$ cat upload26.txt   # compact mmCIF, C-alpha atoms
# COMPACT_ATOMS: atom_id res chain seq x y z
CA MET A 1 0.00 0.00 0.00
CA ILE A 2 2.72 2.36 0.90
CA THR A 3 4.61 1.49 -2.23
CA ILE A 4 1.69 2.29 -4.50
CA ASP A 5 1.02 5.64 -2.83
CA ARG A 6 4.65 6.71 -3.24
CA HIS A 7 4.59 5.80 -6.87
CA ILE A 8 1.41 7.72 -7.44
CA SER A 9 2.77 10.76 -5.61
CA ASP A 10 5.93 10.81 -7.72
CA ARG A 11 3.91 10.81 -10.90
CA LEU A 12 1.68 13.58 -9.59
CA PHE A 13 4.74 15.71 -8.71
CA ALA A 14 6.23 15.24 -12.16
CA GLY A 15 2.95 16.21 -13.79
CA VAL A 16 2.68 19.39 -11.73
CA VAL A 17 6.23 20.44 -12.65
CA ALA A 18 5.56 19.83 -16.35
CA PHE A 19 2.36 21.80 -16.17
CA MET A 20 4.14 24.76 -14.55
CA LEU A 21 6.86 24.72 -17.19
CA VAL A 22 4.26 24.78 -19.94
CA LEU A 23 2.48 27.72 -18.31
CA GLY A 24 5.74 29.70 -17.98
CA LEU A 25 6.73 29.12 -21.59
CA SER A 26 3.36 30.16 -22.90
CA SER A 27 3.28 33.27 -20.78
CA SER A 28 6.69 34.31 -22.06
CA LEU A 29 5.59 33.77 -25.61
CA VAL A 30 2.52 35.88 -25.03
CA ALA A 31 4.42 38.70 -23.22
CA GLN A 32 7.09 39.16 -25.94
CA PRO A 33 4.72 40.25 -28.67
CA SER A 34 3.00 42.61 -26.29
CA GLU A 35 6.26 44.29 -25.28
CA SER A 36 7.38 44.56 -28.93
CA THR A 37 4.10 46.11 -29.94
CA ALA A 38 4.42 48.76 -27.20
CA ASP A 39 7.92 49.81 -28.36
CA ASP A 40 6.77 50.08 -31.97
CA THR A 41 3.83 52.24 -30.94
CA ARG A 42 6.09 54.50 -28.89
CA LEU A 43 8.55 54.92 -31.77
CA GLN A 44 5.76 55.63 -34.24
CA THR A 45 4.22 58.25 -31.95
CA GLU A 46 7.53 60.01 -31.27
CA LEU A 47 8.49 60.08 -34.94
CA ARG A 48 5.06 61.40 -35.86
CA GLU A 49 5.41 64.24 -33.34
CA VAL A 50 8.85 65.16 -34.68
CA TYR A 51 7.75 65.18 -38.31
CA ASP A 52 4.68 67.27 -37.48
CA GLU A 53 6.98 69.97 -36.06
CA ILE A 54 8.89 70.15 -39.36
CA GLY A 55 6.71 71.64 -42.08
CA ALA A 56 8.46 69.92 -44.96
CA LEU A 57 8.04 66.48 -43.28
CA ALA A 58 4.45 66.83 -42.01
CA SER A 59 3.00 64.82 -44.91
CA ILE A 60 5.17 61.73 -44.28
CA GLU A 61 3.42 58.60 -43.04
CA VAL A 62 5.20 56.50 -40.37
CA SER A 63 4.77 52.80 -39.69
CA VAL A 64 6.87 50.81 -37.19
CA LYS A 65 6.90 47.03 -36.86
CA SER A 66 9.39 45.06 -34.78
CA GLY A 67 11.84 48.01 -34.85
CA VAL A 68 11.61 48.44 -38.63
CA VAL A 69 10.46 51.94 -39.63
CA GLU A 70 8.66 52.39 -42.92
CA LEU A 71 8.34 55.93 -44.30
CA THR A 72 5.84 56.67 -47.06
CA GLY A 73 4.20 59.71 -48.63
CA GLU A 74 5.15 62.60 -50.97
CA VAL A 75 7.34 65.62 -50.31
CA GLU A 76 8.19 68.71 -52.35
CA ASP A 77 11.84 69.00 -51.39
CA PRO A 78 14.02 66.23 -52.89
CA THR A 79 16.19 66.22 -49.75
CA ALA A 80 13.26 65.91 -47.33
CA GLY A 81 13.05 62.11 -47.64
CA GLU A 82 16.68 61.58 -46.71
CA THR A 83 16.33 64.04 -43.86
CA ALA A 84 13.34 62.10 -42.46
CA ALA A 85 15.29 58.83 -42.71
CA GLU A 86 18.30 60.32 -40.87
CA ILE A 87 16.01 61.54 -38.08
CA ALA A 88 14.43 58.08 -37.72
CA ARG A 89 17.83 56.34 -37.51
CA LYS A 90 18.79 58.41 -34.47
CA PHE A 91 15.93 57.02 -32.32
CA ASP A 92 16.72 54.20 -29.89
CA GLY A 93 15.13 50.89 -30.82
CA VAL A 94 15.13 51.52 -34.57
CA LEU A 95 16.69 48.53 -36.33
CA PHE A 96 16.17 49.55 -39.93
CA VAL A 97 14.58 52.42 -41.89
CA GLU A 98 12.78 51.64 -45.14
CA ASN A 99 12.51 54.93 -47.06
CA LYS A 100 9.62 54.85 -49.56
CA ILE A 101 9.09 58.60 -49.69
CA GLU A 102 8.49 60.01 -53.18
CA VAL A 103 9.10 63.52 -54.53
CA SER A 104 5.91 65.22 -55.64
CA THR A 105 5.72 66.25 -59.29
CA ASP A 106 2.41 68.07 -59.00
CA VAL A 107 2.93 71.64 -60.19
CA SER A 108 0.20 73.07 -58.05
CA GLU A 109 1.56 71.41 -54.92
CA ARG A 110 5.03 72.81 -55.59
CA VAL A 111 3.92 76.30 -56.59
CA SER A 112 1.35 76.85 -53.88
CA PRO A 113 3.78 76.62 -50.95
CA ALA A 114 6.17 78.97 -52.72
CA LEU A 115 3.36 81.46 -53.22
CA GLU A 116 2.35 81.09 -49.60
CA ARG A 117 5.89 81.78 -48.47
CA ALA A 118 6.13 84.82 -50.77
CA TRP A 119 2.83 86.12 -49.46
CA ALA A 120 4.02 85.65 -45.90
CA LYS A 121 7.13 87.67 -46.66
CA LEU A 122 5.03 90.41 -48.23
CA GLU A 123 2.94 90.51 -45.11
CA ASP A 124 6.10 90.83 -43.01
CA VAL A 125 7.30 93.68 -45.22
CA ALA A 126 3.93 95.41 -44.99
CA GLY A 127 4.04 95.08 -41.23
CA SER A 128 7.52 96.66 -41.24
CA LEU A 129 6.55 99.66 -43.38
CA PRO A 130 6.24 102.00 -40.37
CA LEU A 131 9.73 100.94 -39.31
CA PHE A 132 11.03 101.60 -42.81
CA GLY A 133 9.48 105.05 -42.69
CA ILE A 134 11.23 105.83 -39.41
CA ALA A 135 14.52 104.58 -40.86
CA VAL A 136 14.21 106.82 -43.93
CA VAL A 137 13.45 109.85 -41.74
CA VAL A 138 16.46 109.10 -39.53
CA LEU A 139 18.77 108.75 -42.53
CA ILE A 140 17.55 112.04 -44.00
CA LEU A 141 18.08 113.84 -40.69
CA PHE A 142 21.60 112.48 -40.27
CA TRP A 143 22.39 113.30 -43.91
CA PHE A 144 21.42 116.93 -43.37
CA ALA A 145 23.38 116.96 -40.11
CA ALA A 146 26.45 115.59 -41.90
CA ARG A 147 26.23 118.28 -44.58
CA LEU A 148 25.80 120.97 -41.94
CA VAL A 149 28.86 119.75 -40.05
CA GLY A 150 30.83 119.64 -43.30
CA ARG A 151 30.25 123.37 -43.85
CA ILE A 152 31.49 124.49 -40.44
CA ASN A 153 34.81 126.33 -40.53
CA LEU A 154 37.32 124.47 -38.40
CA PRO A 155 39.33 126.52 -35.89
CA GLY A 156 43.07 126.96 -36.24
CA LYS A 157 45.32 129.22 -38.29
CA ARG A 158 47.25 126.24 -39.68
CA LEU A 159 44.07 124.90 -41.24
CA GLU A 160 43.17 128.27 -42.71
CA SER A 161 46.36 128.18 -44.78
CA ARG A 162 45.77 124.56 -45.79
CA PRO A 163 42.36 124.32 -47.46
CA PHE A 164 43.02 120.81 -48.74
CA ILE A 165 43.60 119.39 -45.25
CA GLU A 166 40.65 121.33 -43.87
CA ASN A 167 38.44 119.88 -46.60
CA ILE A 168 39.58 116.32 -45.83
CA ILE A 169 38.85 116.78 -42.11
CA ARG A 170 35.39 118.13 -42.92
CA GLN A 171 34.63 115.16 -45.14
CA LEU A 172 35.78 112.70 -42.48
CA VAL A 173 33.63 114.36 -39.80
CA SER A 174 30.62 114.39 -42.14
CA LEU A 175 31.16 110.71 -42.94
CA VAL A 176 31.32 109.81 -39.25
CA VAL A 177 28.05 111.66 -38.54
CA PHE A 178 26.26 109.90 -41.41
CA LEU A 179 27.64 106.49 -40.39
CA ILE A 180 26.21 106.99 -36.90
CA GLY A 181 22.79 107.41 -38.50
CA VAL A 182 23.31 104.27 -40.63
CA LEU A 183 24.27 102.22 -37.57
CA PHE A 184 21.18 103.49 -35.74
CA VAL A 185 18.95 102.39 -38.63
CA LEU A 186 20.61 98.98 -38.79
CA ASP A 187 20.07 98.58 -35.06
CA LEU A 188 16.35 99.25 -35.61
CA PHE A 189 16.19 96.23 -37.92
CA GLY A 190 18.41 94.12 -35.65
CA VAL A 191 21.10 93.44 -38.24
CA THR A 192 24.10 94.80 -36.37
CA THR A 193 25.62 91.30 -36.24
CA LEU A 194 25.40 91.12 -40.02
CA VAL A 195 27.09 94.50 -40.20
CA GLY A 196 29.98 93.21 -38.12
CA ALA A 197 30.45 90.28 -40.48
CA VAL A 198 30.28 92.58 -43.49
CA LEU A 199 32.82 94.95 -41.95
CA GLY A 200 35.13 92.03 -41.24
CA THR A 201 34.87 90.88 -44.84
CA ALA A 202 35.40 94.45 -46.01
CA GLY A 203 38.52 94.64 -43.86
CA VAL A 204 40.01 91.56 -45.51
CA ALA A 205 39.02 92.84 -48.95
CA GLY A 206 40.50 96.23 -48.12
CA LEU A 207 43.78 94.60 -47.15
CA ALA A 208 43.91 92.73 -50.45
CA LEU A 209 43.08 95.90 -52.38
CA GLY A 210 45.70 97.76 -50.38
CA PHE A 211 48.40 95.44 -51.67
CA ALA A 212 47.03 95.66 -55.19
CA PHE A 213 46.87 99.47 -55.21
CA ARG A 214 49.74 100.12 -52.83
CA ASP A 215 51.38 102.80 -54.97
CA ILE A 216 48.13 104.72 -55.40
CA ALA A 217 47.39 104.60 -51.68
CA GLU A 218 50.97 105.52 -50.82
CA ASN A 219 50.91 108.55 -53.10
CA TYR A 220 47.53 109.66 -51.74
CA LEU A 221 48.70 109.43 -48.12
CA ALA A 222 51.89 111.26 -49.07
CA SER A 223 49.82 114.06 -50.61
CA ILE A 224 47.91 114.43 -47.33
CA ILE A 225 51.13 114.63 -45.30
CA LEU A 226 52.70 117.06 -47.77
CA GLY A 227 49.52 119.13 -47.61
CA VAL A 228 49.99 119.37 -43.84
CA GLN A 229 53.72 120.06 -43.94
CA GLN A 230 53.61 122.43 -46.95
CA PRO A 231 57.32 122.10 -47.87
CA PHE A 232 56.68 124.30 -50.91
CA ASN A 233 54.03 126.50 -52.50
CA LYS A 234 53.09 127.40 -56.04
CA ASN A 235 55.91 128.87 -58.15
CA ASP A 236 58.58 127.87 -55.60
CA LEU A 237 61.90 126.82 -57.15
CA VAL A 238 62.66 123.39 -55.69
CA GLU A 239 64.94 120.43 -56.27
CA VAL A 240 63.52 116.94 -55.63
CA ASP A 241 65.33 113.69 -56.33
CA GLY A 242 67.74 115.46 -58.70
CA HIS A 243 64.98 117.34 -60.56
CA GLU A 244 64.98 121.15 -60.34
CA GLY A 245 62.10 123.35 -61.37
CA LYS A 246 59.26 125.62 -60.30
CA VAL A 247 56.17 124.06 -58.73
CA ILE A 248 53.11 124.10 -60.98
CA ARG A 249 50.72 122.03 -58.86
CA MET A 250 50.41 119.09 -56.52
CA THR A 251 47.64 116.54 -57.14
CA THR A 252 46.59 113.56 -55.02
CA ARG A 253 49.10 111.45 -56.95
CA GLU A 254 52.04 113.59 -58.09
CA THR A 255 53.84 116.92 -57.93
CA VAL A 256 54.30 118.73 -61.26
CA LEU A 257 57.36 120.93 -61.84
CA MET A 258 58.40 123.12 -64.75
CA THR A 259 62.15 123.24 -65.26
CA LEU A 260 63.88 126.48 -66.06
CA ALA A 261 64.11 125.13 -69.62
CA GLY A 262 60.29 124.96 -69.78
CA ASN A 263 59.95 121.16 -69.47
CA HIS A 264 57.35 119.36 -67.33
CA VAL A 265 58.52 116.95 -64.63
CA ARG A 266 55.96 114.78 -62.81
CA ILE A 267 57.24 113.30 -59.55
CA PRO A 268 55.10 110.83 -57.50
CA ASN A 269 54.17 112.31 -54.13
CA ALA A 270 55.64 109.27 -52.36
CA THR A 271 59.00 110.08 -53.97
CA VAL A 272 58.71 113.72 -52.90
CA PHE A 273 57.90 112.63 -49.34
CA LYS A 274 60.75 110.10 -49.10
CA ASN A 275 63.50 112.17 -50.72
CA VAL A 276 65.29 115.36 -49.71
CA THR A 277 63.53 118.48 -51.01
CA THR A 278 65.50 121.66 -51.49
CA ASN A 279 63.37 124.81 -51.63
CA TYR A 280 65.34 127.72 -53.10
CA THR A 281 62.42 130.14 -52.80
CA ARG A 282 61.39 129.74 -49.17
CA ASN A 283 64.31 132.00 -48.16
CA PRO A 284 64.35 134.95 -50.61
CA ARG A 285 68.12 135.27 -50.18
CA ARG A 286 70.22 132.73 -52.02
CA ARG A 287 73.99 132.56 -52.04
CA PHE A 288 76.09 131.86 -55.11
CA GLU A 289 79.73 130.87 -55.33
CA PHE A 290 82.37 130.31 -57.97
CA LYS A 291 86.07 129.48 -58.00
CA VAL A 292 88.96 131.32 -59.63
CA GLY A 293 92.56 130.13 -59.97
CA ILE A 294 95.45 132.65 -59.77
CA GLY A 295 99.19 132.20 -60.15
CA VAL A 296 101.26 131.21 -57.14
CA ASP A 297 103.35 134.34 -57.56
CA GLU A 298 100.32 136.65 -57.32
CA GLU A 299 99.36 138.41 -54.10
CA MET A 300 96.33 136.54 -52.73
CA SER A 301 95.08 139.37 -50.50
CA GLU A 302 95.02 141.75 -53.47
CA ALA A 303 93.19 139.24 -55.66
CA ILE A 304 90.60 138.69 -52.91
CA ARG A 305 90.16 142.45 -52.42
CA VAL A 306 89.67 143.06 -56.14
CA GLY A 307 87.24 140.16 -56.54
CA VAL A 308 85.10 140.97 -53.49
CA GLU A 309 84.95 144.66 -54.37
CA THR A 310 83.89 143.80 -57.91
CA ILE A 311 81.13 141.46 -56.69
CA ARG A 312 79.88 144.10 -54.25
CA GLU A 313 79.52 146.60 -57.13
CA THR A 314 77.66 144.10 -59.35
CA GLU A 315 73.98 144.85 -59.76
CA GLY A 316 71.73 142.39 -57.99
CA VAL A 317 74.25 141.37 -55.33
CA ALA A 318 72.94 142.03 -51.81
CA GLN A 319 75.02 144.26 -49.54
CA GLU A 320 73.86 142.36 -46.48
CA PRO A 321 75.24 139.75 -45.96
CA GLU A 322 78.36 141.11 -47.63
CA PRO A 323 80.26 139.27 -50.36
CA PHE A 324 83.41 137.45 -49.23
CA ALA A 325 86.09 135.05 -50.46
CA ASP A 326 88.42 132.37 -49.11
CA VAL A 327 91.31 130.22 -50.26
CA GLN A 328 90.22 126.74 -51.36
CA GLU A 329 93.34 124.99 -52.67
CA LEU A 330 97.05 125.50 -53.15
CA GLY A 331 98.49 123.70 -56.18
CA ASP A 332 101.85 123.51 -57.93
CA SER A 333 101.08 126.43 -60.21
CA THR A 334 97.66 127.67 -59.05
CA VAL A 335 95.98 129.07 -55.97
CA VAL A 336 92.21 128.45 -56.04
CA LEU A 337 90.04 131.22 -54.57
CA ALA A 338 86.28 130.92 -53.92
CA PHE A 339 84.07 134.02 -54.10
CA TYR A 340 80.60 134.25 -52.50
CA GLY A 341 77.70 136.64 -52.86
CA TRP A 342 74.00 136.81 -51.94
CA VAL A 343 71.08 137.55 -54.27
CA ASP A 344 67.57 138.71 -53.39
CA GLN A 345 65.52 136.35 -55.60
CA VAL A 346 62.39 138.48 -55.28
CA ASP A 347 63.85 141.25 -57.44
CA TYR A 348 66.75 139.62 -59.26
CA ASP A 349 67.43 136.48 -61.25
CA TRP A 350 69.94 134.34 -59.36
CA PRO A 351 71.62 132.63 -62.38
CA ARG A 352 72.08 135.94 -64.20
CA VAL A 353 73.55 137.72 -61.19
CA ARG A 354 75.99 134.86 -60.65
CA SER A 355 76.98 134.88 -64.32
CA GLN A 356 77.49 138.65 -64.30
CA SER A 357 79.62 138.41 -61.14
CA ILE A 358 81.90 135.77 -62.68
CA ARG A 359 82.38 137.82 -65.82
CA ARG A 360 83.14 141.02 -63.92
CA VAL A 361 85.58 139.36 -61.51
CA LYS A 362 87.48 137.85 -64.38
CA ASN A 363 87.82 141.23 -66.10
CA ALA A 364 88.74 142.97 -62.84
CA LEU A 365 91.55 140.52 -62.13
CA ASP A 366 92.82 140.91 -65.68
CA ALA A 367 92.71 144.69 -65.35
CA ALA A 368 94.66 144.47 -62.07
CA GLY A 369 97.35 142.42 -63.77
CA ILE A 370 96.63 139.31 -61.73
CA GLU A 371 97.39 136.24 -63.77
CA MET A 372 95.02 133.28 -63.93
CA PRO A 373 97.29 130.53 -65.30
CA GLU A 374 95.97 127.86 -67.64
CA PRO A 375 97.08 124.23 -67.54
CA ILE A 376 99.37 124.82 -70.53
CA TYR A 377 102.81 126.29 -71.06
CA ARG A 378 103.44 129.31 -73.31
CA VAL A 379 106.77 130.25 -74.88
CA TYR A 380 107.18 133.93 -75.81
CA THR A 381 109.91 135.13 -78.21
CA ALA A 382 111.49 138.56 -78.00
CA GLU A 383 109.83 139.82 -81.14
CA HIS A 384 106.32 139.36 -79.72
CA GLY A 385 106.95 141.67 -76.80
CA THR A 386 105.37 140.26 -73.62
CA GLY A 387 104.89 143.74 -72.11
CA GLU A 388 102.70 144.88 -74.96
CA GLU A 389 100.64 141.69 -74.70
CA VAL A 390 99.94 142.36 -71.01
CA ASP A 391 99.00 145.98 -71.72
CA ARG A 392 96.53 144.95 -74.39
CA LYS A 393 95.00 142.36 -72.07
CA ARG A 394 94.52 144.93 -69.32
CA GLN A 395 92.98 147.41 -71.73
CA ARG A 396 90.44 144.84 -72.95
CA ALA A 397 89.48 144.00 -69.35
CA GLU A 398 88.99 147.70 -68.46
CA ASP A 399 86.84 148.21 -71.55
CA GLU A 400 84.63 145.25 -70.62
CA LEU A 401 84.17 146.57 -67.08
CA ARG A 402 82.86 149.85 -68.54
CA GLU A 403 80.56 148.15 -71.05
CA GLN A 404 76.76 148.52 -71.03
CA ARG A 405 75.02 146.93 -68.02
CA VAL A 406 73.54 143.46 -68.33
CA GLU A 407 69.91 142.80 -67.31
CA VAL A 408 69.90 140.82 -64.07
CA GLU A 409 66.37 141.54 -62.81
CA ALA A 410 64.04 138.62 -62.16
CA THR A 411 62.24 137.69 -65.36
CA PRO A 412 58.63 136.45 -65.49
CA GLU A 413 58.96 134.14 -68.49
CA ILE A 414 58.73 130.86 -66.57
CA ASP A 415 56.05 132.20 -64.22
CA GLU A 416 53.96 133.25 -67.19
CA GLN A 417 54.26 129.79 -68.74
CA ILE A 418 53.25 128.22 -65.42
CA GLU A 419 50.11 130.40 -65.24
CA GLN A 420 49.22 129.42 -68.81
CA ASP A 421 49.64 125.76 -67.90
CA ARG A 422 47.33 126.12 -64.88
CA ALA A 423 44.72 127.83 -67.03
CA ARG A 424 44.74 124.96 -69.55
CA SER A 425 44.77 122.12 -67.00
CA ASP A 426 41.73 120.78 -65.13
CA GLU A 427 43.77 118.84 -62.52
CA THR A 428 42.95 119.47 -58.88
CA ASP A 429 45.65 121.55 -57.17
CA LEU A 430 46.19 120.84 -53.47
CA LEU A 431 48.53 123.79 -52.93
CA GLN A 432 47.35 127.09 -51.55
CA ASP A 433 47.30 130.20 -53.72
$ encode --input "upload26.txt" --output "structure tokens"
Amino acid sequence: MITIDRHISDRLFAGVVAFMLVLGLSSSLVAQPSESTADDTRLQTELREVYDEIGALASIEVSVKSGVVELTGEVEDPTAGETAAEIARKFDGVLFVENKIEVSTDVSERVSPALERAWAKLEDVAGSLPLFGIAVVVLILFWFAARLVGRINLPGKRLESRPFIENIIRQLVSLVVFLIGVLFVLDLFGVTTLVGAVLGTAGVAGLALGFAFRDIAENYLASIILGVQQPFNKNDLVEVDGHEGKVIRMTTRETVLMTLAGNHVRIPNATVFKNVTTNYTRNPRRRFEFKVGIGVDEEMSEAIRVGVETIRETEGVAQEPEPFADVQELGDSTVVLAFYGWVDQVDYDWPRVRSQSIRRVKNALDAAGIEMPEPIYRVYTAEHGTGEEVDRKRQRAEDELREQRVEVEATPEIDEQIEQDRARSDETDLLQD
């Protein structure tokens, strides 16, 4: 009896265990599809919400099954389908995305949204018309203010004598005033950030243009500096970079000279600024000098006295400072003397006065019997009579000293040609009158 009961109990226990295993397996099989269905529903809902927020993707249909996302529908933008697929791939739980989205070829569907967008922009513009009106009024007011500021006479005597520099300063001040108005208007529309980007781009472009037009910019800046410094004025006799002439004009690029021979010389302003400029007119007094060689046997003090006295009596030579002379060299057969004299360039022509002084000194030394040896040797025979030769030489020198006076006054020929050139030219002159 006991044996049968134990056998029956063992079989009952085994049957209960098998039944429990079957129940657990079936419950797991039933729970898995339920959990998978919940994840698919969640993914589909989330993707639908995302696409609805993006106007171009709102028409896309979403279906999710076992982690596989299927996208269908039509879009206007050819890139919208790929964008929707990329968004779906970023969601957790998505195993694969099947993109079946097609691009719409319906003309009305493609044109209508564009028209709607254009109409929306027109509505935005219409709503901004009052703001545009305020901006126009502000610009007009600042433009008038800039012009008013540009007409104000700037203080300072240095600016009064430099109209070109004063004009540049006025233009810069006017530009600053107008730019303030422009920045205010841009701030009204909230595009100041864009302005910063544009200015940065303009700065880079300006740097590139600066290298490309370096010479032009350099000459223009040099003209501004020269306009401030004013190293010369119109009709001044100057020497720049080895070129000598009278100043006709100075433009924003170059300085134009007329040589004493009547030729035009155009020198870039950068060259004028960088090189040494000699202005012979700024000081009305200009000194001349020339050298004379006399024999070693001649009395130097007498030769100097005769030469200086002759220069002093020459027309056009200033009496203050007085003419003078000194000894320059002592050679084997020659003593070199240098004579100096001053000329008032306002009333007299410097080259002519110098030439007249040289001629008169030479004749005076000859008349005084002071020999000026040449670098040659002369052999005199008795029949020629050296005494008579010296007497004739002295007589010729005295006659030349008493000859008719030579014109040494300042002549207006070059100045007249310069005035004619200015009348014919339409170039802007930066020099004061």
$ residues_around --input "upload26.txt" --residues "Arg285 of chain A" --least-positions-apart "3" --cutoff "7 Å" --atoms "only C-alpha atoms" --output "VMD selection string"
chain A and resid 342 to 345
$ closest_residue --input "upload26.txt" --among "A:Val94, A:Val247, A:Leu148, A:Ile414" --to "Leu43 of chain A" --atoms "only C-alpha atoms"
A:Val94
$ atom_distance --input "upload26.txt" --atom1 "atom CA of Ile54 of chain A" --atom2 "atom CA of Trp119 of chain A"
19.8 Å
$ residues_around --input "upload26.txt" --residues "segment 230-234 of chain A" --least-positions-apart "2" --cutoff "12 Å" --atoms "all atoms listed in the file" --output "count of residues only"
48
$ atom_distance --input "upload26.txt" --atom1 "atom CA of Thr310 of chain A" --atom2 "atom CA of Arg360 of chain A"
6.7 Å
$ residues_around --input "upload26.txt" --residues "segment 75-91 of chain A" --least-positions-apart "2" --cutoff "7 Å" --atoms "only C-alpha atoms" --output "list of chain:residue names"
A:Leu47, A:Ala56, A:Leu57, A:Ser59, A:Gly73, A:Gly93, A:Val94, A:Val97, A:Asn99, A:Ile101, A:Glu102, A:Val103, A:Ser104, A:Arg110
$ residues_around --input "upload26.txt" --residues "Phe324 of chain A" --least-positions-apart "5" --cutoff "7 Å" --atoms "only C-alpha atoms" --output "number ranges by chain"
A: 308, 339-341
$ closest_residue --input "upload26.txt" --among "A:Val317, A:Ile311, A:Leu188, A:Val327" --to "Lys291 of chain A" --atoms "all atoms listed in the file"
A:Val327
$ atom_distance --input "upload26.txt" --atom1 "atom CA of Asn363 of chain A" --atom2 "atom CA of Asp347 of chain A"
25.5 Å
$ closest_residue --input "upload26.txt" --among "A:Thr72, A:Ile216, A:Asn275, A:Val265" --to "Asp241 of chain A" --atoms "only C-alpha atoms"
A:Asn275
$ closest_residue --input "upload26.txt" --among "A:Val125, A:Ile180, A:Ala261, A:Leu330" --to "Leu141 of chain A" --atoms "only C-alpha atoms"
A:Ile180
$ closest_residue --input "upload26.txt" --among "A:Glu49, A:Glu309, A:Ser174, A:Asn263" --to "Trp143 of chain A" --atoms "only C-alpha atoms"
A:Ser174
$ residues_around --input "upload26.txt" --residues "Arg253 of chain A" --least-positions-apart "3" --cutoff "6 Å" --atoms "only C-alpha atoms" --output "ChimeraX atom specification"
/A:219-220,269
$ closest_residue --input "upload26.txt" --among "A:Ile169, A:Ile294, A:Ala303, A:Leu221" --to "Thr334 of chain A" --atoms "only C-alpha atoms"
A:Ile294
$ build_atoms --input "upload26.txt" --residues "segment 286-299 of chain A" --atoms "N, CA and C atoms" --output "PDB file, in the coordinates of the input"
ATOM      1  N   ARG A 286      69.525 133.950 -51.597  1.00  0.00           N
ATOM      2  CA  ARG A 286      70.220 132.730 -52.020  1.00  0.00           C
ATOM      3  C   ARG A 286      71.662 133.078 -52.364  1.00  0.00           C
ATOM      4  N   ARG A 287      72.570 132.279 -51.851  1.00  0.00           N
ATOM      5  CA  ARG A 287      73.990 132.560 -52.040  1.00  0.00           C
ATOM      6  C   ARG A 287      74.509 131.827 -53.274  1.00  0.00           C
ATOM      7  N   PHE A 288      75.393 132.503 -54.004  1.00  0.00           N
ATOM      8  CA  PHE A 288      76.090 131.860 -55.110  1.00  0.00           C
ATOM      9  C   PHE A 288      77.582 131.807 -54.781  1.00  0.00           C
ATOM     10  N   GLU A 289      78.277 130.959 -55.495  1.00  0.00           N
ATOM     11  CA  GLU A 289      79.730 130.870 -55.330  1.00  0.00           C
ATOM     12  C   GLU A 289      80.353 130.412 -56.642  1.00  0.00           C
ATOM     13  N   PHE A 290      81.607 130.776 -56.831  1.00  0.00           N
ATOM     14  CA  PHE A 290      82.370 130.310 -57.970  1.00  0.00           C
ATOM     15  C   PHE A 290      83.854 130.372 -57.607  1.00  0.00           C
ATOM     16  N   LYS A 291      84.643 129.591 -58.301  1.00  0.00           N
ATOM     17  CA  LYS A 291      86.070 129.480 -58.000  1.00  0.00           C
ATOM     18  C   LYS A 291      86.905 130.095 -59.113  1.00  0.00           C
ATOM     19  N   VAL A 292      88.028 130.684 -58.688  1.00  0.00           N
ATOM     20  CA  VAL A 292      88.960 131.320 -59.630  1.00  0.00           C
ATOM     21  C   VAL A 292      90.372 130.891 -59.243  1.00  0.00           C
ATOM     22  N   GLY A 293      91.170 130.497 -60.230  1.00  0.00           N
ATOM     23  CA  GLY A 293      92.560 130.130 -59.970  1.00  0.00           C
ATOM     24  C   GLY A 293      93.503 131.261 -60.367  1.00  0.00           C
ATOM     25  N   ILE A 294      94.446 131.623 -59.477  1.00  0.00           N
ATOM     26  CA  ILE A 294      95.450 132.650 -59.770  1.00  0.00           C
ATOM     27  C   ILE A 294      96.831 132.021 -59.640  1.00  0.00           C
ATOM     28  N   GLY A 295      97.828 132.706 -60.201  1.00  0.00           N
ATOM     29  CA  GLY A 295      99.190 132.200 -60.150  1.00  0.00           C
ATOM     30  C   GLY A 295      99.748 132.208 -58.733  1.00  0.00           C
ATOM     31  N   VAL A 296     100.677 131.301 -58.484  1.00  0.00           N
ATOM     32  CA  VAL A 296     101.260 131.210 -57.140  1.00  0.00           C
ATOM     33  C   VAL A 296     102.097 132.429 -56.808  1.00  0.00           C
ATOM     34  N   ASP A 297     102.534 133.159 -57.813  1.00  0.00           N
ATOM     35  CA  ASP A 297     103.350 134.340 -57.560  1.00  0.00           C
ATOM     36  C   ASP A 297     102.496 135.579 -57.304  1.00  0.00           C
ATOM     37  N   GLU A 298     101.190 135.498 -57.515  1.00  0.00           N
ATOM     38  CA  GLU A 298     100.320 136.650 -57.320  1.00  0.00           C
ATOM     39  C   GLU A 298     100.012 136.853 -55.837  1.00  0.00           C
ATOM     40  N   GLU A 299      99.689 138.087 -55.482  1.00  0.00           N
ATOM     41  CA  GLU A 299      99.360 138.410 -54.100  1.00  0.00           C
ATOM     42  C   GLU A 299      97.894 138.048 -53.834  1.00  0.00           C
TER      43      GLU A 299
END
